[in-house]
$ cat final_39.txt   # compact mmCIF, C-alpha atoms
# COMPACT_ATOMS: atom_id res chain seq x y z
CA GLN A 1 24.39 186.82 180.73
CA ASN A 2 20.87 185.56 179.96
CA THR A 3 19.53 189.04 180.84
CA PHE A 4 17.72 191.28 178.37
CA ALA A 5 16.49 194.05 180.67
CA PHE A 6 18.90 196.72 181.86
CA ARG A 7 19.33 200.45 182.47
CA LEU A 8 20.98 202.20 179.52
CA PHE A 9 21.20 205.70 180.95
CA HIS A 10 20.97 206.90 184.56
CA GLY A 11 20.80 210.68 184.78
CA PRO A 12 22.43 211.32 188.20
CA GLY A 13 25.69 209.62 187.20
CA ASP A 14 25.60 209.65 183.39
CA SER A 15 24.54 213.22 182.59
CA PHE A 16 27.98 214.81 183.19
CA GLY A 17 26.29 217.81 184.76
CA SER A 18 23.85 218.50 181.92
CA PRO A 19 20.66 219.86 183.55
CA ASP A 20 18.51 218.60 180.66
CA LEU A 21 19.70 215.02 181.17
CA ASN A 22 20.16 214.85 184.94
CA ASP A 23 16.58 213.69 185.65
CA ILE A 24 16.31 211.28 182.72
CA HIS A 25 16.46 207.49 183.08
CA ILE A 26 16.36 205.07 180.14
CA ASP A 27 15.57 201.38 180.58
CA ALA A 28 16.02 198.84 177.78
CA PHE A 29 13.82 195.79 177.29
CA GLU A 30 14.73 193.32 174.55
CA THR A 31 12.21 190.74 173.45
CA THR A 32 13.56 187.23 173.17
CA ARG A 33 10.85 185.83 170.91
CA GLY A 34 11.47 185.73 167.18
CA LEU A 35 14.63 185.38 165.10
CA GLU A 36 15.96 188.82 166.01
CA PRO A 37 15.29 190.50 169.35
CA ASP A 38 13.67 193.93 169.25
CA ARG A 39 14.91 196.56 171.68
CA TYR A 40 12.39 198.90 173.27
CA VAL A 41 13.19 201.62 175.77
CA TRP A 42 11.25 203.26 178.58
CA VAL A 43 12.25 206.86 179.29
CA THR A 44 11.41 208.35 182.68
CA HIS A 45 11.82 212.07 183.29
CA LYS A 46 10.97 214.44 186.13
CA LYS A 47 10.53 217.53 183.98
CA LYS A 48 9.18 218.20 180.50
CA LEU A 49 11.43 217.08 177.65
CA THR A 50 12.54 220.02 175.52
CA PRO A 51 12.52 219.71 171.72
CA GLU A 52 16.32 219.75 171.81
CA THR A 53 16.42 216.87 174.29
CA LEU A 54 13.90 214.88 172.26
CA THR A 55 16.03 215.33 169.14
CA LEU A 56 19.11 214.17 171.07
CA LEU A 57 17.24 211.11 172.37
CA GLU A 58 15.97 210.20 168.89
CA GLU A 59 19.50 210.31 167.51
CA TYR A 60 20.65 208.10 170.37
CA PHE A 61 17.82 205.61 169.78
CA ARG A 62 18.70 205.30 166.09
CA THR A 63 22.37 204.79 166.93
CA ILE A 64 21.71 201.88 169.29
CA GLY A 65 18.98 200.25 167.20
CA VAL A 66 15.85 200.97 169.21
CA ALA A 67 12.61 199.72 167.65
CA GLY A 68 10.41 201.97 169.79
CA ALA A 69 10.48 204.23 172.82
CA VAL A 70 7.91 205.41 175.34
CA SER A 71 8.13 208.30 177.77
CA MET A 72 6.78 208.53 181.33
CA ASP A 73 6.44 212.08 182.63
CA ARG A 74 6.95 211.94 186.41
CA SER A 75 6.50 215.72 186.66
CA SER A 76 2.79 215.43 185.89
CA ARG A 77 0.32 215.62 188.78
CA GLU A 78 -2.41 213.90 186.78
CA PRO A 79 -3.17 210.51 188.39
CA LYS A 80 -4.12 208.86 185.09
CA VAL A 81 -0.91 209.74 183.23
CA THR A 82 0.71 206.70 181.61
CA ALA A 83 3.67 206.18 179.30
CA LEU A 84 3.30 207.61 175.78
CA PRO A 85 5.11 206.62 172.55
CA ILE A 86 7.81 209.08 171.47
CA PHE A 87 9.78 207.11 168.89
CA GLY A 88 9.36 204.19 166.50
CA THR A 89 6.64 201.57 166.78
CA ILE A 90 5.36 200.24 170.09
CA PRO A 91 3.57 196.86 170.33
CA ALA A 92 0.09 197.09 171.82
CA GLN A 93 0.48 193.81 173.68
CA PRO A 94 2.96 193.13 176.52
CA ILE A 95 6.40 191.91 175.53
CA VAL A 96 8.36 189.16 177.28
CA VAL A 97 11.90 189.78 178.47
CA ILE A 98 14.38 187.60 180.35
CA GLU A 99 16.36 188.54 183.43
CA ASN A 100 18.72 185.96 184.92
CA GLY A 101 16.83 183.28 183.02
CA ILE A 102 13.40 184.30 184.36
CA PRO A 103 10.74 185.65 181.94
CA PHE A 104 8.73 188.77 182.79
CA SER A 105 5.79 190.44 181.11
CA ILE A 106 6.61 194.09 180.30
CA ARG A 107 3.89 196.60 179.46
CA LEU A 108 5.02 199.53 177.38
CA VAL A 109 1.64 201.25 176.90
CA GLY A 110 -1.26 201.97 179.23
CA SER A 111 0.96 201.65 182.30
CA LYS A 112 2.75 203.88 184.78
CA HIS A 113 5.63 201.43 185.01
CA PRO A 114 6.94 198.63 182.78
CA GLY A 115 6.55 196.13 185.63
CA LEU A 116 10.15 195.30 186.54
CA PHE A 117 12.28 197.43 188.89
CA LEU A 118 15.74 197.07 187.35
CA ASP A 119 17.49 198.55 190.40
CA LEU A 120 16.51 195.43 192.36
CA GLU A 121 18.21 192.98 190.00
CA PRO A 122 21.05 192.42 192.55
CA LEU A 123 18.45 191.50 195.18
CA ARG A 124 16.73 189.06 192.85
CA ARG A 125 20.12 187.37 192.32
CA LYS A 126 20.76 187.28 196.08
CA LEU A 127 17.43 185.56 196.66
CA MET A 128 18.67 182.61 194.62
CA SER A 129 21.06 181.85 197.50
CA TYR A 130 18.68 182.31 200.44
CA CYS A 131 15.30 180.79 199.60
CA THR A 132 15.98 177.12 198.82
CA ASN A 133 13.64 174.91 200.86
CA LYS A 134 12.29 178.01 202.67
CA THR A 135 8.84 179.48 203.14
CA VAL A 136 8.79 183.04 201.81
CA LEU A 137 6.56 186.05 202.46
CA ASN A 138 6.74 188.94 199.98
CA VAL A 139 4.74 192.04 200.94
CA PHE A 140 4.17 195.13 198.77
CA ALA A 141 4.89 192.49 196.14
CA TYR A 142 3.84 194.43 192.99
CA THR A 143 4.14 192.27 189.82
CA GLY A 144 5.91 189.51 191.69
CA ALA A 145 9.49 189.78 190.41
CA LEU A 146 10.91 189.03 193.85
CA SER A 147 8.33 186.27 194.38
CA LEU A 148 9.47 184.65 191.13
CA ALA A 149 13.15 184.88 192.07
CA ALA A 150 12.40 183.23 195.41
CA ALA A 151 10.38 180.47 193.77
CA LYS A 152 13.00 179.81 191.09
CA SER A 153 15.61 179.38 193.82
CA GLY A 154 13.60 176.50 195.28
CA ALA A 155 11.34 178.08 197.91
CA THR A 156 8.82 175.53 199.16
CA HIS A 157 6.05 178.15 199.10
CA VAL A 158 5.73 181.86 198.40
CA THR A 159 3.05 184.05 199.97
CA HIS A 160 2.58 187.15 197.81
CA VAL A 161 0.72 190.19 199.21
CA ASP A 162 -0.27 193.35 197.35
CA LEU A 163 -3.25 195.70 197.65
CA SER A 164 -3.79 196.09 193.88
CA ALA A 165 -5.93 193.48 192.12
CA PRO A 166 -4.70 194.44 188.60
CA THR A 167 -1.11 194.19 189.78
CA ASN A 168 -1.75 190.76 191.25
CA THR A 169 -3.26 189.66 187.93
CA TRP A 170 -0.01 190.79 186.32
CA ALA A 171 1.91 188.76 188.92
CA LYS A 172 -0.13 185.67 188.00
CA GLU A 173 0.77 186.22 184.33
CA ASN A 174 4.46 186.32 185.28
CA TRP A 175 4.06 183.16 187.33
CA GLU A 176 2.50 181.33 184.38
CA LEU A 177 5.24 182.60 182.04
CA ALA A 178 7.82 181.03 184.35
CA ASN A 179 5.98 177.66 184.28
CA LEU A 180 5.90 177.47 188.06
CA PRO A 181 3.44 175.19 189.92
CA GLU A 182 0.20 176.88 191.01
CA ASP A 183 0.44 175.40 194.49
CA GLN A 184 3.88 176.97 195.05
CA ILE A 185 2.34 180.42 195.53
CA SER A 186 -0.64 182.03 197.25
CA ILE A 187 -1.53 185.55 196.09
CA HIS A 188 -3.40 187.83 198.49
CA THR A 189 -5.07 191.03 197.31
CA GLN A 190 -4.88 192.70 200.68
CA ASP A 191 -3.43 195.64 202.58
CA THR A 192 -0.03 194.58 203.90
CA PHE A 193 -0.75 195.67 207.47
CA ASP A 194 -4.09 193.84 207.47
CA PHE A 195 -2.34 190.68 206.31
CA LEU A 196 0.43 191.05 208.89
CA GLU A 197 -2.05 191.68 211.69
CA ILE A 198 -3.94 188.47 210.89
CA ALA A 199 -0.69 186.49 210.49
CA ILE A 200 0.53 187.70 213.89
CA LYS A 201 -2.76 186.73 215.56
CA LYS A 202 -2.52 183.27 213.99
CA ARG A 203 1.17 183.07 214.94
CA ARG A 204 2.19 182.43 211.35
CA GLN A 205 5.88 182.79 210.64
CA PHE A 206 8.03 182.52 207.52
CA ASP A 207 11.66 181.59 206.94
CA VAL A 208 12.29 184.57 204.62
CA VAL A 209 10.32 187.84 204.70
CA ILE A 210 10.76 190.40 201.91
CA SER A 211 9.54 194.00 202.14
CA ASP A 212 10.02 196.60 199.39
CA PRO A 213 7.37 199.25 200.14
CA PRO A 214 6.63 202.43 198.20
CA SER A 215 7.72 205.65 199.88
CA PHE A 216 4.05 206.59 200.14
CA SER A 217 0.80 204.81 199.39
CA ARG A 218 -2.88 205.41 200.06
CA GLY A 219 -5.47 202.66 200.46
CA SER A 220 -9.14 202.73 201.41
CA LYS A 221 -8.35 202.19 205.09
CA ARG A 222 -4.98 203.86 205.68
CA THR A 223 -2.05 205.75 204.25
CA PHE A 224 1.51 204.48 204.53
CA SER A 225 4.73 206.46 204.58
CA THR A 226 8.23 205.13 205.15
CA ALA A 227 9.05 208.46 206.79
CA LYS A 228 6.42 207.94 209.51
CA ASP A 229 5.62 204.22 209.61
CA LEU A 230 9.01 202.52 209.43
CA ASP A 231 8.97 201.27 213.04
CA LYS A 232 5.40 200.02 212.70
CA LEU A 233 6.35 198.10 209.58
CA HIS A 234 9.57 196.60 210.95
CA LEU A 235 7.90 195.56 214.20
CA ALA A 236 5.22 193.62 212.31
CA LEU A 237 7.73 192.09 209.89
CA LEU A 238 9.93 190.90 212.75
CA LYS A 239 6.95 189.19 214.38
CA VAL A 240 6.26 187.08 211.29
CA THR A 241 9.91 186.16 210.66
CA ALA A 242 10.78 182.80 212.19
CA PRO A 243 13.71 182.42 214.64
CA GLY A 244 16.82 181.87 212.56
CA GLY A 245 15.01 183.43 209.62
CA LEU A 246 15.93 186.24 207.25
CA LEU A 247 14.27 189.64 206.95
CA ILE A 248 14.98 191.55 203.73
CA THR A 249 13.93 195.17 204.12
CA ASN A 250 14.41 197.68 201.34
CA ILE A 251 13.57 201.38 201.51
CA ASN A 252 13.52 203.25 198.21
CA SER A 253 13.68 206.94 199.09
CA GLU A 254 16.15 209.75 198.51
CA ASN A 255 14.87 211.45 201.67
CA GLN A 256 15.26 208.48 204.02
CA ALA A 257 18.59 208.29 205.84
CA GLU A 258 20.31 204.91 205.99
CA THR A 259 20.93 205.42 209.72
CA ASP A 260 17.17 205.75 210.28
CA VAL A 261 16.56 202.36 208.69
CA LEU A 262 19.28 200.69 210.77
CA LYS A 263 18.05 202.34 213.98
CA SER A 264 14.52 201.17 213.27
CA ILE A 265 15.61 197.55 212.76
CA ALA A 266 17.70 197.57 215.95
CA ALA A 267 15.03 199.24 218.09
CA CYS A 268 12.25 196.93 216.94
CA ALA A 269 14.38 193.81 217.47
CA LYS A 270 15.31 195.00 220.96
CA SER A 271 11.66 195.62 221.86
CA LEU A 272 10.93 191.99 220.97
CA SER A 273 14.05 190.68 222.75
CA ARG A 274 15.43 189.36 219.48
CA THR A 275 18.87 189.57 217.97
CA ALA A 276 19.28 191.19 214.56
CA GLN A 277 22.50 190.86 212.57
CA ILE A 278 23.04 192.65 209.27
CA ILE A 279 24.53 190.02 206.95
CA GLY A 280 24.26 191.91 203.65
CA ARG A 281 23.02 195.03 201.98
CA ILE A 282 21.15 195.86 198.80
CA ASP A 283 23.16 198.16 196.56
CA LEU A 284 22.32 199.79 193.27
CA PRO A 285 23.64 197.97 190.18
CA GLU A 286 26.65 199.38 188.36
CA THR A 287 24.28 200.59 185.66
CA PHE A 288 22.81 203.05 188.20
CA PRO A 289 25.83 205.34 188.78
CA THR A 290 25.32 208.00 191.44
CA ALA A 291 26.58 211.56 191.50
CA PRO A 292 29.60 212.01 193.84
CA ASN A 293 28.35 215.42 194.96
CA ASN A 294 24.77 214.22 195.51
CA PRO A 295 24.52 211.54 198.23
CA SER A 296 20.72 211.43 197.93
CA SER A 297 21.06 209.91 194.44
CA ARG A 298 22.06 206.69 196.23
CA TYR A 299 18.44 206.17 197.18
CA LEU A 300 18.29 202.44 198.01
CA LYS A 301 18.68 201.57 201.69
CA GLY A 302 18.27 197.82 201.82
CA PHE A 303 19.52 195.20 204.26
CA LEU A 304 19.49 191.45 204.78
CA VAL A 305 18.88 190.83 208.50
CA SER A 306 19.48 187.48 210.21
CA LEU A 307 17.14 187.15 213.20
CA GLY A 308 17.56 185.19 216.38

$ encode --input "final_39.txt" --output "structure tokens"
Amino acid sequence: QNTFAFRLFHGPGDSFGSPDLNDIHIDAFETTRGLEPDRYVWVTHKKKLTPETLTLLEEYFRTIGVAGAVSMDRSSREPKVTALPIFGTIPAQPIVVIENGIPFSIRLVGSKHPGLFLDLEPLRRKLMSYCTNKTVLNVFAYTGALSLAAAKSGATHVTHVDLSAPTNTWAKENWELANLPEDQISIHTQDTFDFLEIAIKKRRQFDVVISDPPSFSRGSKRTFSTAKDLDKLHLALLKVTAPGGLLITNINSENQAETDVLKSIAACAKSLSRTAQIIGRIDLPETFPTAPNNPSSRYLKGFLVSLG
């Protein structure tokens, strides 16, 4: 209800064993401006689309009334690869879609990602229950979807941290779309670990801390990998989470074991003589079905941690 962005097709659970479809994901974004909403889709694939698969997709798009489709080839090693039109007509300007009543700017062309991670919709809903009258820190914040959800739930202030200046500009656009007060957010174009180091030195703490890092990233000063740097990250996050506060940590990796994430949280809390109680987890939406014979397709390992 009141949501116009959703996953239509999730290869691991929807392909019924078809190798051509197993690595394909299709996300739908419906504009809400105008008399009739237009539906656009973003197709992600990890190997080249065959002519037969393209024909099948086009037939599907016509059946469900798609105005235009773009394709993002994740198999390409070229760093400048962005989504390309494959069907219908694609608007050159960003479109606006609504999720849980919150507007987001979606970019269908000239981008590597539309700007909204649909697998985190359950987390954005959860935030509505945890951030009222709280100070919130969101690191690796990307286009600010989680920052917006926290603010809409009544957070007193949101501190948004991301290394990418263009991405933070996008986050500001989303903030303005949502008609939120400028003084309710501070956006920092900064490496997360640099920000955390300064916050720890200044003894800054937040009621709710949100972390949804990429599996791997490279900045001018350091590289980050959840496989190698999970303890370092959790230790710093715990230090800036206030006593009685909530840490939300989400690891998005098929190769990261859930037990490793839990062990890291427990070990870092113990080293700081703090208690850490798991009070919830972040699961994939029902629209992201996983393959029963492929446990790695359940790639999200996210937890809500109450800290003493």

$ closest_residue --input "final_39.txt" --among "A:Lys263, A:Arg107, A:Lys152, A:Ala242" --to "Asn179 of chain A" --atoms "only C-alpha atoms"
A:Lys152

$ closest_residue --input "final_39.txt" --among "A:Ser253, A:Thr3, A:Asn294, A:Thr132" --to "Glu99 of chain A" --atoms "all atoms listed in the file"
A:Thr3

$ closest_residue --input "final_39.txt" --among "A:Ser18, A:Thr169, A:Thr50, A:Gln205" --to "Leu137 of chain A" --atoms "only C-alpha atoms"
A:Gln205

$ closest_residue --input "final_39.txt" --among "A:Ala5, A:Val136, A:Leu163, A:Ala276" --to "Ile98 of chain A" --atoms "only C-alpha atoms"
A:Ala5

$ closest_residue --input "final_39.txt" --among "A:Ile106, A:Val70, A:Ala199, A:Leu84" --to "Glu30 of chain A" --atoms "only C-alpha atoms"
A:Ile106

$ closest_atom_pairs --input "final_39.txt" --of "segment 199-245 of chain A" --to "segment 267-275 of chain A" --cutoff "12 Å" --atoms "only C-alpha atoms" --output "Markdown table"
| residue | atom | partner | partner_atom | distance |
| --- | --- | --- | --- | --- |
| A:Leu230 | CA | A:Cys268 | CA | 9.9 |
| A:Asp231 | CA | A:Cys268 | CA | 6.7 |
| A:Lys232 | CA | A:Cys268 | CA | 8.6 |
| A:Leu233 | CA | A:Cys268 | CA | 9.5 |
| A:His234 | CA | A:Cys268 | CA | 6.6 |
| A:Leu235 | CA | A:Cys268 | CA | 5.3 |
| A:Ala236 | CA | A:Cys268 | CA | 9.0 |
| A:Leu237 | CA | A:Cys268 | CA | 9.7 |
| A:Leu238 | CA | A:Ala269 | CA | 7.1 |
| A:Lys239 | CA | A:Leu272 | CA | 8.2 |
| A:Val240 | CA | A:Leu272 | CA | 11.8 |
| A:Thr241 | CA | A:Arg274 | CA | 10.9 |
| A:Ala242 | CA | A:Arg274 | CA | 10.9 |
| A:Pro243 | CA | A:Arg274 | CA | 8.6 |
| A:Gly244 | CA | A:Thr275 | CA | 9.6 |
| A:Gly245 | CA | A:Thr275 | CA | 11.1 |

$ closest_residue --input "final_39.txt" --among "A:Ser153, A:Ser211, A:Thr290, A:Ser297" --to "Leu246 of chain A" --atoms "only C-alpha atoms"
A:Ser211

$ atom_distance --input "final_39.txt" --atom1 "atom CA of Tyr40 of chain A" --atom2 "atom CA of Asp283 of chain A"
25.7 Å

$ residues_around --input "final_39.txt" --residues "segment 122-124 of chain A" --least-positions-apart "6" --cutoff "8 Å" --atoms "only C-alpha atoms" --output "PyMOL selection string"
chain A and resi 145-146+149-150+282-285

$ atom_distance --input "final_39.txt" --atom1 "atom CA of Val261 of chain A" --atom2 "atom CA of Leu127 of chain A"
20.7 Å

$ residues_around --input "final_39.txt" --residues "segment 192-197 of chain A" --least-positions-apart "6" --cutoff "7 Å" --atoms "all atoms listed in the file" --output "mmCIF file with C-alpha atoms, keeping the file's coordinate frame"
data_model
loop_
_atom_site.group_PDB
_atom_site.id
_atom_site.type_symbol
_atom_site.label_atom_id
_atom_site.label_comp_id
_atom_site.auth_asym_id
_atom_site.auth_seq_id
_atom_site.Cartn_x
_atom_site.Cartn_y
_atom_site.Cartn_z
ATOM 1 C CA VAL A 139 4.740 192.040 200.940
ATOM 2 C CA PHE A 140 4.170 195.130 198.770
ATOM 3 C CA VAL A 161 0.720 190.190 199.210
ATOM 4 C CA ASP A 162 -0.270 193.350 197.350
ATOM 5 C CA ALA A 236 5.220 193.620 212.310
#

$ atom_distance --input "final_39.txt" --atom1 "atom CA of Ser71 of chain A" --atom2 "atom CA of Ser225 of chain A"
27.1 Å
